[in-house]
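Everything below belongs to protein17.csv, which stores CSV, C-alpha atoms.
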```csv
chain,number,residue,atom,x,y,z
S,1449,MET,CA,17.8,-4.6,4.3
S,1450,ARG,CA,15.7,-6.3,1.7
S,1451,GLY,CA,13.0,-4.5,-0.3
S,1452,ARG,CA,10.1,-6.4,-1.7
S,1453,LEU,CA,7.5,-5.0,-4.1
S,1454,VAL,CA,4.4,-6.9,-3.0
S,1455,ALA,CA,1.1,-5.1,-3.5
S,1456,TRP,CA,-0.4,-2.0,-5.2
S,1457,ALA,CA,-3.7,-0.4,-4.4
S,1458,LEU,CA,-5.2,2.7,-6.1
S,1459,VAL,CA,-7.8,5.0,-4.6
S,1460,GLY,CA,-9.2,8.2,-5.9
S,1461,VAL,CA,-9.4,11.1,-3.5
S,1462,ALA,CA,-11.7,14.1,-4.0
S,1463,ALA,CA,-14.9,15.7,-2.7
S,1464,LEU,CA,-16.4,12.3,-3.2
S,1465,ALA,CA,-14.4,9.3,-4.4
S,1466,THR,CA,-14.3,5.5,-4.5
S,1467,GLY,CA,-11.4,3.1,-4.1
S,1468,THR,CA,-10.2,0.3,-6.3
S,1469,ALA,CA,-7.5,-2.3,-5.6
S,1470,TYR,CA,-5.3,-3.9,-8.2
S,1471,ALA,CA,-2.0,-5.6,-8.7
S,1472,THR,CA,0.5,-4.7,-11.5
S,1473,GLY,CA,4.0,-4.8,-12.7
S,1474,TYR,CA,5.9,-3.0,-15.5
S,1475,ILE,CA,9.2,-3.6,-17.3
S,1476,SER,CA,10.5,-1.5,-20.2
S,1477,THR,CA,13.5,-2.1,-22.4
S,1478,SER,CA,14.8,-0.3,-25.5
S,1479,ASN,CA,17.3,-1.7,-28.0
S,1480,THR,CA,18.2,-0.7,-31.6
S,1481,ALA,CA,19.6,-3.3,-34.0
S,1482,ALA,CA,19.4,-4.3,-37.7
S,1483,ASP,CA,16.6,-6.7,-38.5
S,1484,SER,CA,18.1,-9.6,-40.4
S,1485,ALA,CA,14.7,-11.3,-40.8
S,1486,ASN,CA,13.3,-8.2,-42.5
S,1487,GLY,CA,10.3,-8.1,-40.3
S,1488,ALA,CA,9.5,-11.9,-40.2
S,1489,ALA,CA,8.7,-13.3,-36.8
S,1490,THR,CA,11.4,-15.2,-35.0
S,1491,PRO,CA,10.5,-18.7,-33.9
S,1492,LEU,CA,10.3,-19.2,-30.1
S,1493,PHE,CA,11.3,-22.5,-28.5
S,1494,GLY,CA,10.3,-23.8,-25.1
S,1495,GLN,CA,7.8,-22.3,-22.7
S,1496,PRO,CA,7.7,-18.7,-21.3
S,1497,ALA,CA,8.5,-18.3,-17.6
S,1498,ALA,CA,5.5,-18.7,-15.3
S,1499,ALA,CA,4.1,-15.5,-13.8
S,1500,GLU,CA,5.6,-14.9,-10.3
S,1501,ALA,CA,3.1,-15.2,-7.5
S,1502,PRO,CA,2.7,-12.1,-5.4
S,1503,LEU,CA,4.5,-12.2,-2.1
S,1504,TYR,CA,1.6,-10.7,-0.1
S,1505,PRO,CA,-1.6,-11.2,-2.2
S,1506,GLY,CA,-4.5,-9.2,-0.9
S,1507,ALA,CA,-2.4,-7.4,1.6
S,1508,ILE,CA,-3.8,-3.9,0.9
S,1509,THR,CA,-7.5,-2.9,0.6
S,1510,THR,CA,-8.8,0.6,0.0
S,1511,SER,CA,-11.5,3.0,1.2
S,1512,PRO,CA,-12.5,6.4,-0.1
S,1513,LEU,CA,-11.2,9.6,1.4
S,1514,THR,CA,-13.8,12.4,1.3
S,1515,ILE,CA,-12.7,16.0,1.0
S,1516,GLY,CA,-15.2,18.8,1.3
S,1517,PHE,CA,-14.8,22.5,1.1
S,1518,ASP,CA,-15.4,25.6,3.2
S,1519,GLY,CA,-15.0,28.4,0.7
S,1520,LEU,CA,-11.5,28.0,-0.5
S,1521,SER,CA,-10.3,25.7,2.3
S,1522,GLY,CA,-10.6,22.0,2.0
S,1523,GLN,CA,-11.8,19.9,4.9
S,1524,VAL,CA,-11.6,16.3,6.1
S,1525,ALA,CA,-14.7,15.9,8.3
S,1526,HIS,CA,-13.6,12.7,10.1
S,1527,ASP,CA,-10.6,10.5,10.6
S,1528,THR,CA,-10.5,8.2,7.6
S,1529,ASP,CA,-8.9,4.9,6.9
S,1530,VAL,CA,-7.7,4.9,3.3
S,1531,PHE,CA,-5.5,1.8,3.2
S,1532,THR,CA,-6.1,-1.3,5.4
S,1533,VAL,CA,-2.9,-3.4,5.4
S,1534,THR,CA,-2.8,-7.0,6.4
S,1535,VAL,CA,0.8,-8.1,7.0
S,1536,PRO,CA,1.0,-11.9,6.7
S,1537,ALA,CA,2.5,-14.2,9.3
S,1538,VAL,CA,4.1,-16.6,6.8
S,1539,ASP,CA,6.7,-15.9,4.1
S,1540,ALA,CA,5.0,-16.9,0.8
S,1541,ARG,CA,8.4,-17.8,-0.7
S,1542,THR,CA,9.4,-20.3,2.0
S,1543,GLY,CA,6.1,-21.3,3.7
S,1544,ALA,CA,7.8,-20.5,7.0
S,1545,PRO,CA,6.7,-17.9,9.6
S,1546,TYR,CA,8.5,-14.7,9.5
S,1547,PRO,CA,11.2,-14.5,12.2
S,1548,GLU,CA,10.5,-12.5,15.3
S,1549,GLY,CA,11.5,-8.9,14.8
S,1550,THR,CA,10.7,-8.8,11.0
S,1551,THR,CA,9.6,-5.4,10.1
S,1552,PHE,CA,7.7,-3.8,7.1
S,1553,ALA,CA,7.1,-0.3,5.8
S,1554,LEU,CA,4.2,1.1,3.8
S,1555,HIS,CA,5.0,3.5,0.9
S,1556,ILE,CA,2.3,5.7,-0.4
S,1557,PHE,CA,2.7,7.6,-3.7
S,1558,VAL,CA,0.5,10.1,-5.5
S,1559,THR,CA,0.4,9.0,-9.1
S,1560,ASN,CA,-1.0,12.1,-10.9
S,1561,GLU,CA,0.9,15.0,-9.5
S,1562,PRO,CA,1.0,17.0,-12.8
S,1563,GLU,CA,-2.8,17.1,-12.9
S,1564,LEU,CA,-3.0,18.2,-9.3
S,1565,THR,CA,-0.7,21.1,-9.8
S,1566,SER,CA,-1.9,22.2,-13.3
S,1567,GLY,CA,-5.5,21.1,-13.6
S,1568,ALA,CA,-7.0,18.6,-16.0
S,1569,GLY,CA,-10.4,17.4,-17.4
S,1570,GLY,CA,-12.1,20.7,-16.6
S,1571,ASN,CA,-11.1,20.6,-13.0
S,1572,THR,CA,-8.9,23.3,-11.5
S,1573,PRO,CA,-5.5,22.6,-9.9
S,1574,TRP,CA,-5.0,22.8,-6.2
S,1575,THR,CA,-3.5,25.9,-4.5
S,1576,THR,CA,-2.2,23.7,-1.7
S,1577,TYR,CA,-2.5,19.9,-1.4
S,1578,ALA,CA,-0.7,18.4,1.6
S,1579,LEU,CA,-1.9,15.4,3.6
S,1580,GLN,CA,-0.6,14.1,6.9
S,1581,TRP,CA,-0.8,10.3,6.7
S,1582,SER,CA,-1.1,8.3,9.9
S,1583,LEU,CA,-0.6,4.6,10.5
S,1584,ALA,CA,-1.9,2.7,13.5
S,1585,PRO,CA,-2.8,-0.9,14.4
S,1586,CYS,CA,-6.4,-1.8,13.7
S,1587,PRO,CA,-7.0,-5.5,14.8
S,1588,GLY,CA,-9.3,-7.3,12.5
S,1589,GLY,CA,-9.3,-4.3,10.1
S,1590,THR,CA,-11.8,-2.5,12.4
S,1591,PHE,CA,-11.3,1.3,12.2
S,1592,SER,CA,-12.6,3.9,14.7
S,1593,ASP,CA,-12.7,7.6,13.9
S,1594,GLU,CA,-12.4,10.5,16.3
S,1595,THR,CA,-16.0,10.1,17.5
S,1596,SER,CA,-15.1,6.8,19.1
S,1597,PRO,CA,-14.0,6.5,22.8
S,1598,SER,CA,-10.8,4.9,21.4
S,1599,PRO,CA,-9.9,6.4,18.0
S,1600,THR,CA,-7.6,4.3,15.9
S,1601,PHE,CA,-5.4,7.4,15.1
S,1602,ALA,CA,-5.3,8.7,18.7
S,1603,ALA,CA,-1.7,7.5,19.1
S,1604,PRO,CA,-0.3,6.8,15.6
S,1605,LEU,CA,2.5,4.4,15.2
S,1606,SER,CA,4.0,6.4,12.3
S,1607,GLN,CA,3.1,9.7,10.5
S,1608,ALA,CA,4.4,11.4,7.3
S,1609,ILE,CA,3.5,14.5,5.4
S,1610,MET,CA,2.9,14.3,1.6
S,1611,ALA,CA,3.0,17.9,0.4
S,1612,VAL,CA,2.2,17.4,-3.2
S,1613,THR,CA,2.0,21.0,-4.4
S,1614,ALA,CA,5.4,21.5,-2.7
S,1615,GLY,CA,6.9,18.6,-4.7
S,1616,THR,CA,6.6,15.7,-2.3
S,1617,VAL,CA,4.8,12.7,-3.9
S,1618,HIS,CA,5.8,10.0,-1.5
S,1619,ALA,CA,5.0,9.2,2.2
S,1620,LEU,CA,6.8,6.5,4.2
S,1621,LEU,CA,5.1,4.9,7.2
S,1622,THR,CA,7.2,2.5,9.2
S,1623,GLY,CA,7.1,0.0,12.1
S,1624,LEU,CA,4.7,-2.6,10.7
S,1625,SER,CA,5.1,-6.2,12.1
S,1626,ALA,CA,4.2,-9.6,10.7
S,1627,ALA,CA,0.8,-11.2,11.5
S,1628,SER,CA,-0.8,-7.8,12.1
S,1629,VAL,CA,-3.4,-5.5,10.6
S,1630,TYR,CA,-2.9,-1.7,10.2
S,1631,CYS,CA,-4.9,1.2,9.1
S,1632,ALA,CA,-3.3,4.1,7.1
S,1633,GLY,CA,-5.2,7.2,6.4
S,1634,VAL,CA,-5.8,10.9,7.3
S,1635,ARG,CA,-7.0,12.4,10.6
S,1636,GLN,CA,-9.8,14.8,10.8
S,1637,ALA,CA,-9.0,18.3,9.5
S,1638,TYR,CA,-12.2,20.3,10.2
S,1639,PRO,CA,-13.7,22.9,9.8
S,1640,ASP,CA,-10.7,23.9,7.7
S,1641,ALA,CA,-7.7,21.8,6.7
S,1642,ASN,CA,-5.1,24.6,6.9
S,1643,ASP,CA,-2.3,23.2,9.1
S,1644,PRO,CA,1.0,24.2,7.6
S,1645,ALA,CA,2.7,21.3,9.5
S,1646,GLY,CA,0.0,18.8,8.7
S,1647,THR,CA,-3.0,18.4,6.4
S,1648,ASP,CA,-3.3,21.6,4.3
S,1649,LEU,CA,-5.9,21.8,1.5
S,1650,ALA,CA,-6.9,24.8,-0.5
S,1651,ARG,CA,-8.4,25.5,-3.9
S,1652,PRO,CA,-8.1,28.7,-6.0
S,1653,TYR,CA,-11.8,29.3,-6.7
S,1654,ALA,CA,-15.0,28.8,-4.7
S,1655,THR,CA,-17.4,28.7,-7.6
S,1656,ASP,CA,-17.5,27.2,-11.1
S,1657,ALA,CA,-18.1,30.6,-12.6
S,1658,ASP,CA,-15.0,32.1,-11.0
S,1659,ALA,CA,-12.9,29.1,-12.2
S,1660,GLN,CA,-14.2,29.4,-15.8
S,1661,ALA,CA,-13.6,33.2,-15.8
S,1662,ALA,CA,-10.0,32.6,-14.9
S,1663,ASN,CA,-9.6,29.8,-17.5
S,1664,PRO,CA,-12.3,28.7,-19.9
S,1665,ALA,CA,-10.9,25.1,-19.7
S,1666,TRP,CA,-11.8,25.0,-16.0
S,1667,THR,CA,-15.5,24.2,-15.8
S,1668,SER,CA,-15.4,23.0,-12.2
S,1669,ALA,CA,-14.2,24.7,-9.0
S,1670,VAL,CA,-13.6,21.2,-7.5
S,1671,PRO,CA,-9.9,20.5,-8.0
S,1672,VAL,CA,-8.5,17.4,-9.8
S,1673,THR,CA,-9.0,14.1,-7.9
S,1674,ALA,CA,-5.8,12.7,-6.4
S,1675,ARG,CA,-4.8,9.1,-7.1
S,1676,PHE,CA,-2.6,7.1,-4.8
S,1677,ALA,CA,-0.7,3.9,-4.9
S,1678,ALA,CA,0.4,2.0,-1.8
S,1679,GLN,CA,3.3,-0.5,-1.6
S,1680,LEU,CA,4.1,-2.8,1.3
S,1681,GLN,CA,7.8,-3.5,1.7
S,1682,ARG,CA,9.7,-5.8,4.0
S,1683,THR,CA,12.5,-3.8,5.6
S,1684,SER,CA,14.2,-6.4,7.9
```

Any chance you could put this one into structure tokens?
Amino acid sequence: MRGRLVAWALVGVAALATGTAYATGYISTSNTAADSANGAATPLFGQPAAAEAPLYPGAITTSPLTIGFDGLSGQVAHDTDVFTVTVPAVDARTGAPYPEGTTFALHIFVTNEPELTSGAGGNTPWTTYALQWSLAPCPGGTFSDETSPSPTFAAPLSQAIMAVTAGTVHALLTGLSAASVYCAGVRQAYPDANDPAGTDLARPYATDADAQAANPAWTSAVPVTARFAAQLQRTS
């Protein structure tokens, strides 16, 4: 089992949102010691290490997920592809094709759980925020919603529940293969997204006035926008 951090993509999710993709890395260290140079810079010799090339550059692209409301209940009007994942055929480290049977997984994380459960920036928290993520092949990156004769999510390869307000901030979708394209997103939840075993979305107030009456800091009845990161990982 070999894990590989390969690509990150961030997308905002709310009543209306747009997606942005980016790549990043972070390392943190902490040490305490006496400074014999009394603050003077220490000379460096040689060259710093070259930045490591990403294993799967451009593997993940994003699209917005639109969430509307019917009173207090949220709704997802149509099947929506949030992450399009292109799994490469060739191992960037070796230049050789991946062996037959190589598998990958897609990890999806919510990155602003405290704001979703407590409110922020004038927006209310969510009463319930749970999404059922679905993954299915979508050759060429072509996605078809539930209005199509052959919806992409009609027979998902993998599904997972991310119940953020219940403390789950991660969803794992499995079964991806090399040299393939997949769509990961949320199926239609309409007219109300209130499936306790699937997508379940609810807000505490239906109007801005009600929200502000409950808490002067909440100037909007539209809850905080969720932000997600997606990570592709080789699993075998």

Neighbour list for Ala1525 in chain S as a ChimeraX atom specification, cut-off 9 Å, all atoms listed in the file, skip fewer than 6 positions in-chain: /S:1514-1516,1635-1640

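Minimum atom-to-atom distance to Gly1589 in chain S, evaluated using only C-alpha atoms, belongs to S:Ala1632 out of S:Pro1604, S:Ala1632, S:Thr1575, S:Ala1537.
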
Under the rule of at most 12 Å, produce a per-residue listing of range 1518-1620 of chain S near range 1653-1663 of chain S: chain, number, name, the closest pair of atoms, and the distance in Å, as CSV, using only C-alpha atoms.
```
residue,atom,partner,partner_atom,distance
S:Asp1518,CA,S:Ala1654,CA,8.5
S:Gly1519,CA,S:Ala1654,CA,5.4
S:Leu1520,CA,S:Ala1654,CA,5.5
S:Ser1521,CA,S:Ala1654,CA,9.0
S:Gly1522,CA,S:Ala1654,CA,10.5
S:Ser1566,CA,S:Asn1663,CA,11.6
S:Gly1567,CA,S:Asn1663,CA,10.4
S:Ala1568,CA,S:Asn1663,CA,11.6
S:Gly1570,CA,S:Gln1660,CA,9.0
S:Asn1571,CA,S:Ala1659,CA,8.7
S:Thr1572,CA,S:Ala1659,CA,7.1
S:Pro1573,CA,S:Tyr1653,CA,9.7
S:Trp1574,CA,S:Tyr1653,CA,9.4
S:Thr1575,CA,S:Tyr1653,CA,9.2
```

Long-range neighbours of Val1634 in chain S as an MDAnalysis selection string, 9 Å cut-off, all atoms listed in the file, 5 positions minimum in chain: chainID S and resid 1513 1524 1526:1530 1579:1583 1601 1647

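Interatomic distance, CA of Met1610 in chain S against CA of Thr1595 in chain S: 25.1 Å.
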
From (-2.7, -4.6, 16.1), in the file's coordinates, out to 12 Å: which residues are reached, counting all atoms listed in the file? Answer as a VMD selection string. chain S and resid 1532 to 1535 1583 to 1591 1600 1604 to 1605 1623 to 1631

Selection from above, C-alpha atoms, as an mmCIF file, keeping the file's coordinate frame, can you write it?
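New file selection12.cif:
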```cif
data_model
loop_
_atom_site.group_PDB
_atom_site.id
_atom_site.type_symbol
_atom_site.label_atom_id
_atom_site.label_comp_id
_atom_site.auth_asym_id
_atom_site.auth_seq_id
_atom_site.Cartn_x
_atom_site.Cartn_y
_atom_site.Cartn_z
ATOM 1 C CA THR S 1532 -6.100 -1.300 5.400
ATOM 2 C CA VAL S 1533 -2.900 -3.400 5.400
ATOM 3 C CA THR S 1534 -2.800 -7.000 6.400
ATOM 4 C CA VAL S 1535 0.800 -8.100 7.000
ATOM 5 C CA LEU S 1583 -0.600 4.600 10.500
ATOM 6 C CA ALA S 1584 -1.900 2.700 13.500
ATOM 7 C CA PRO S 1585 -2.800 -0.900 14.400
ATOM 8 C CA CYS S 1586 -6.400 -1.800 13.700
ATOM 9 C CA PRO S 1587 -7.000 -5.500 14.800
ATOM 10 C CA GLY S 1588 -9.300 -7.300 12.500
ATOM 11 C CA GLY S 1589 -9.300 -4.300 10.100
ATOM 12 C CA THR S 1590 -11.800 -2.500 12.400
ATOM 13 C CA PHE S 1591 -11.300 1.300 12.200
ATOM 14 C CA THR S 1600 -7.600 4.300 15.900
ATOM 15 C CA PRO S 1604 -0.300 6.800 15.600
ATOM 16 C CA LEU S 1605 2.500 4.400 15.200
ATOM 17 C CA GLY S 1623 7.100 0.000 12.100
ATOM 18 C CA LEU S 1624 4.700 -2.600 10.700
ATOM 19 C CA SER S 1625 5.100 -6.200 12.100
ATOM 20 C CA ALA S 1626 4.200 -9.600 10.700
ATOM 21 C CA ALA S 1627 0.800 -11.200 11.500
ATOM 22 C CA SER S 1628 -0.800 -7.800 12.100
ATOM 23 C CA VAL S 1629 -3.400 -5.500 10.600
ATOM 24 C CA TYR S 1630 -2.900 -1.700 10.200
ATOM 25 C CA CYS S 1631 -4.900 1.200 9.100
#
```

Range 1544-1558 of chain S surroundings by all atoms listed in the file, 7 Å radius, close-in-sequence under 5 positions cut, as a VMD selection string: chain S and resid 1537 to 1539 1617 to 1626 1674 to 1684

CA of Glu1561 in chain S and CA of Ala1611 in chain S are how many Å apart? 10.5 Å

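Of note, CA of Ala1603 in chain S and CA of Ala1641 in chain S are spaced 19.9 Å apart.
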
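Near (3.2, 24.5, -1.1), the residues inside the 12 Å limit, counting only C-alpha atoms, come to Thr1565, Trp1574, Thr1575, Thr1576, Tyr1577, Ala1578, Leu1579, Ile1609, Met1610, Ala1611, Val1612, Thr1613, Ala1614, Gly1615, Thr1616, Asn1642, Asp1643, Pro1644, Ala1645, Gly1646, Thr1647, Asp1648, Leu1649, Ala1650 and Arg1651 of chain S.
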
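With distances restricted to all atoms listed in the file, S:Pro1562 is the closest residue to Thr1673 in chain S from S:Pro1562, S:Pro1652, S:Pro1597, S:Gly1506.
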